[in-house]
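Shown next: query00.txt, containing compact mmCIF, C-alpha atoms.
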```
# COMPACT_ATOMS: atom_id res chain seq x y z
CA MET T 48 -40.25 -16.38 17.04
CA SER T 49 -36.55 -16.19 17.86
CA GLU T 50 -35.08 -13.35 19.82
CA THR T 51 -32.46 -11.28 18.08
CA SER T 52 -30.01 -9.28 20.04
CA VAL T 53 -29.28 -5.76 18.99
CA SER T 54 -25.72 -4.76 19.64
CA GLU T 55 -24.36 -1.31 20.08
CA PRO T 56 -23.50 0.33 16.78
CA LEU T 57 -19.80 0.48 16.05
CA ASN T 58 -18.05 3.79 16.21
CA LEU T 59 -15.93 4.68 13.20
CA ARG T 60 -12.67 3.63 14.83
CA GLU T 61 -14.07 0.17 15.68
CA TYR T 62 -15.35 -0.16 12.14
CA ALA T 63 -11.91 0.84 10.85
CA VAL T 64 -10.29 -1.94 12.90
CA GLN T 65 -12.80 -4.44 11.48
CA ALA T 66 -11.94 -3.28 7.96
CA ILE T 67 -8.15 -3.15 8.34
CA GLN T 68 -7.32 -6.18 10.46
CA PRO T 69 -8.62 -8.92 8.11
CA ARG T 70 -6.76 -7.34 5.19
CA LEU T 71 -3.58 -7.22 7.23
CA GLU T 72 -4.04 -10.85 8.29
CA ARG T 73 -4.54 -11.94 4.67
CA MET T 74 -1.39 -10.05 3.65
CA LEU T 75 0.61 -11.68 6.42
CA SER T 76 -0.74 -15.14 5.56
CA HIS T 77 1.45 -15.08 2.42
CA LEU T 78 4.73 -14.31 4.24
CA GLU T 79 6.28 -17.77 3.99
CA GLY T 80 5.51 -18.31 0.31
CA ALA T 81 6.69 -14.82 -0.59
CA LYS T 82 9.88 -15.29 1.42
CA GLU T 83 10.66 -18.58 -0.37
CA GLY T 84 10.08 -16.97 -3.75
CA GLU T 85 9.83 -20.25 -5.62
CA LYS T 86 6.32 -19.54 -6.90
CA THR T 87 4.92 -16.25 -8.15
CA GLU T 88 1.43 -16.59 -6.62
CA PRO T 89 2.39 -15.80 -2.99
CA ILE T 90 4.17 -12.61 -4.13
CA LYS T 91 1.11 -11.66 -6.18
CA GLN T 92 -1.33 -12.34 -3.34
CA MET T 93 0.77 -10.64 -0.68
CA ARG T 94 1.08 -7.57 -2.90
CA VAL T 95 -2.68 -7.54 -3.60
CA TRP T 96 -3.44 -7.71 0.13
CA SER T 97 -0.77 -5.13 0.99
CA ARG T 98 -2.40 -2.73 -1.46
CA ARG T 99 -5.84 -3.44 0.00
CA THR T 100 -4.46 -2.91 3.50
CA ARG T 101 -2.90 0.38 2.41
CA ALA T 102 -6.19 1.50 0.88
CA ALA T 103 -8.05 0.75 4.11
CA LEU T 104 -5.36 2.55 6.13
CA GLU T 105 -5.73 5.62 3.91
CA VAL T 106 -9.52 5.60 4.19
CA PHE T 107 -9.45 5.38 7.98
CA HIS T 108 -6.32 7.46 8.55
CA ASP T 109 -8.18 10.10 10.57
CA CYS T 110 -9.36 7.48 13.07
CA PHE T 111 -5.76 6.93 14.20
CA PRO T 112 -4.01 10.31 14.29
CA ASP T 113 -1.02 9.17 16.38
CA LYS T 114 2.59 8.78 15.26
CA GLU T 115 2.56 5.02 15.78
CA PHE T 116 -0.13 4.64 13.12
CA LYS T 117 1.86 6.76 10.66
CA GLY T 118 4.88 4.52 11.21
CA PHE T 119 2.67 1.49 10.69
CA GLU T 120 1.44 2.95 7.39
CA ARG T 121 5.05 3.44 6.26
CA GLU T 122 5.82 -0.22 7.02
CA ILE T 123 2.95 -1.37 4.80
CA LYS T 124 4.05 1.01 2.05
CA THR T 125 7.57 -0.45 2.19
CA VAL T 126 6.15 -3.96 1.83
CA THR T 127 4.08 -2.93 -1.17
CA GLY T 128 7.13 -1.38 -2.83
CA ALA T 129 9.39 -4.41 -2.38
CA LEU T 130 6.68 -6.78 -3.57
CA GLY T 131 5.81 -4.52 -6.49
CA GLN T 132 9.30 -4.69 -7.96
CA ALA T 133 9.36 -8.48 -7.72
CA ARG T 134 5.83 -8.83 -9.09
CA ASP T 135 6.51 -6.53 -12.06
CA LEU T 136 9.50 -8.67 -13.00
CA ASP T 137 7.45 -11.87 -12.61
CA VAL T 138 4.83 -10.51 -15.02
CA MET T 139 7.44 -9.38 -17.56
CA ILE T 140 9.31 -12.68 -17.44
CA ASP T 141 6.08 -14.64 -17.86
CA THR T 142 4.86 -12.48 -20.75
CA LEU T 143 8.18 -12.57 -22.60
CA SER T 144 8.59 -16.31 -22.04
CA LYS T 145 5.20 -16.91 -23.67
CA ARG T 146 6.17 -14.71 -26.61
CA GLU T 147 9.49 -16.48 -26.92
CA ALA T 148 7.73 -19.84 -27.15
CA GLY T 149 5.78 -18.59 -30.18
CA LEU T 150 8.86 -17.44 -32.10
CA PRO T 151 10.80 -19.51 -34.61
CA PRO T 152 13.97 -20.95 -33.01
CA GLU T 153 16.29 -18.65 -34.99
CA GLN T 154 14.56 -15.58 -33.49
CA ARG T 155 14.62 -16.65 -29.84
CA GLY T 156 18.28 -15.89 -29.01
CA GLY T 157 18.01 -12.18 -28.22
CA LEU T 158 14.80 -12.59 -26.28
CA ALA T 159 16.19 -15.52 -24.31
CA SER T 160 19.19 -13.39 -23.33
CA PHE T 161 16.90 -10.55 -22.23
CA ILE T 162 14.74 -12.94 -20.19
CA ALA T 163 17.89 -14.29 -18.50
CA GLN T 164 18.86 -10.73 -17.51
CA MET T 165 15.38 -10.16 -16.11
CA LYS T 166 15.61 -13.38 -14.10
CA ASP T 167 18.87 -12.11 -12.59
CA GLN T 168 17.09 -8.87 -11.67
CA ARG T 169 14.27 -10.92 -10.20
CA ASP T 170 16.73 -12.82 -8.01
CA GLU T 171 17.99 -9.46 -6.71
CA ALA T 172 14.43 -8.31 -6.11
CA GLN T 173 13.76 -11.52 -4.19
CA GLU T 174 16.61 -10.68 -1.86
CA ALA T 175 14.93 -7.32 -1.16
CA VAL T 176 11.65 -9.18 -0.54
CA ARG T 177 13.39 -11.50 1.95
CA GLU T 178 14.96 -8.56 3.77
CA THR T 179 11.61 -6.75 3.92
CA ILE T 180 9.84 -9.86 5.20
CA ALA T 181 12.53 -10.45 7.83
CA HIS T 182 12.01 -6.86 8.97
CA LEU T 183 8.23 -7.43 9.04
CA GLU T 184 8.61 -10.54 11.15
CA ASP T 185 10.74 -8.53 13.61
CA GLN T 186 8.09 -5.80 13.71
CA ASP T 187 5.17 -8.18 14.37
CA LEU T 188 2.77 -6.00 12.42
CA LEU T 189 -0.37 -7.73 13.60
CA ALA T 190 0.51 -7.15 17.27
CA ARG T 191 1.48 -3.55 16.45
CA PHE T 192 -1.83 -2.91 14.75
CA GLN T 193 -3.75 -4.49 17.62
CA ALA T 194 -1.90 -2.23 20.07
CA ILE T 195 -2.74 0.81 17.94
CA ALA T 196 -6.38 -0.30 17.75
CA GLU T 197 -6.64 -0.84 21.51
CA ALA T 198 -4.94 2.42 22.46
CA PRO T 199 -7.37 5.14 23.50
CA PRO T 200 -7.88 7.71 20.77
CA GLU T 201 -6.11 11.00 21.20
CA PRO T 202 -8.45 13.65 22.61
CA GLU T 203 -9.84 16.23 20.23
CA PRO T 204 -8.02 19.56 20.54
CA LYS T 205 -9.96 22.24 22.35
CA PRO T 206 -11.25 25.05 20.14
CA GLU T 207 -8.75 27.47 21.67
CA ASP T 208 -5.90 25.02 20.85
CA LYS T 209 -6.80 24.73 17.17
CA PRO T 210 -4.82 26.95 14.81
CA ARG T 211 -6.90 29.79 13.52
CA ALA T 212 -7.54 30.09 9.82
CA LYS T 213 -5.84 33.03 8.24
CA SER T 214 -8.24 35.69 7.20
CA ALA T 215 -8.82 35.82 3.52
CA GLN T 216 -6.28 38.03 1.90
CA LYS T 217 -7.72 40.93 0.06
CA SER T 218 -7.13 40.47 -3.57
CA LYS T 219 -6.36 43.35 -5.81
CA PRO T 220 -8.86 43.91 -8.54
CA HIS T 221 -7.66 42.62 -11.87
CA LYS T 222 -6.63 45.43 -14.18
CA ARG T 223 -8.11 45.10 -17.55
CA GLY T 224 -5.42 45.34 -20.08
CA LYS T 225 -5.61 45.65 -23.75
CA GLY T 226 -7.08 42.67 -25.49
CA ARG T 227 -5.46 40.65 -28.18
CA HIS T 228 -6.21 43.25 -30.85
CA GLY T 229 -5.12 46.29 -28.86
CA LYS T 230 -8.62 47.16 -27.73
CA SER T 231 -9.69 47.37 -24.10
```

What's the structure tokens form of this structure?
Amino acid sequence: MSETSVSEPLNLREYAVQAIQPRLERMLSHLEGAKEGEKTEPIKQMRVWSRRTRAALEVFHDCFPDKEFKGFEREIKTVTGALGQARDLDVMIDTLSKREAGLPPEQRGGLASFIAQMKDQRDEAQEAVRETIAHLEDQDLLARFQAIAEAPPEPEPKPEDKPRAKSAQKSKPHKRGKGRHGKS
């Protein structure tokens, strides 16, 4: 019979790190393809993983109550926003291009013009994606998250330091007015 080792159970903060870090790494693995912008799949995948990272950050927010973590969350939210605009345009362009292909040639002109406008908007969105990715690369998000994860948690406030709950305000009894038909 083989011996199995029993490890210490993870505390919630350690579990949070194990949940967040792989999602962040997957998001960051699509940086180059998203920055190039020649294919839609890296934008799609980076956005998917940025949303999953954000979800994990929201779930485990209370494990990291410091300001650095809040700034980190804002960085991920910014990424999701920039990628979202580009991805929405990719989906619209793809959908309309497929519809255009099914139209008779004499009906394609207006749609082709609209698709061209959307492609121009997509080029502008790609510039925003590049700027966001350049900012991310300067921020080194993975190292930032690892530093946040390794930092000791902030101590719990002492009971005397916690703000006291306001006592329940006395509510005035509701006066019964006349009903809809003038009766009380």

Which residues, written as a list in words, have at least one atom at most 12 Å from T:Gln168, with only C-alpha atoms counted and residues fewer than 6 positions away on the same chain left out? Gln132, Ala133, Arg134, Asp135, Leu136, Asp137, Met139, Ile140, Phe161, Ile162, Glu174 and Ala175 of chain T

Fewer than 6 positions away in the same chain doesn't count, so skip those; otherwise give me all residues within 12 Å of T:Ala163, counting all atoms listed in the file, as a PyMOL selection string. chain T and resi 136+139-141+143-144+156-157+169-170

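With only C-alpha atoms as the atoms that count, the residue of T:Ala66, T:Val126, T:Val106, T:Ile90 with the shortest distance to T:Ala181 is T:Val126.
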
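Take atom CA of T:Ala129 and atom CA of T:Ala102: the distance between them is 17.0 Å.
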
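Taking atom CA of T:Ala148 and atom CA of T:Leu130 as endpoints, the distance between them is 27.0 Å.
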
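Residues with at least one atom no more than 10 Å from (6.5, -3.5, 0.8), using all atoms listed in the file, are Met93, Arg94, Ser97, Arg98, Arg121, Glu122, Ile123, Lys124, Thr125, Val126, Thr127, Gly128, Ala129, Leu130, Gly131, Gln132, Ala175, Val176, Thr179, Ile180 and Leu183 of chain T.
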
Would you compute the distance between atom CA of T:Met165 and atom CA of T:Pro89? Give it in Å to one decimal. 19.3 Å

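Proximity of T:Ala81, T:Leu104, T:Val95, T:Ala172 to T:Tyr62, computed with all atoms listed in the file, is greatest for T:Leu104.
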
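Closest to T:Glu115 among T:Arg191, T:Arg155, T:Gly80, T:Pro200 is T:Arg191, based on all atoms listed in the file.
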
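Nearest to T:Arg60 of all the residues T:Glu72, T:Glu197, T:Asp185, T:Glu79 is T:Glu197, counting all atoms listed in the file.
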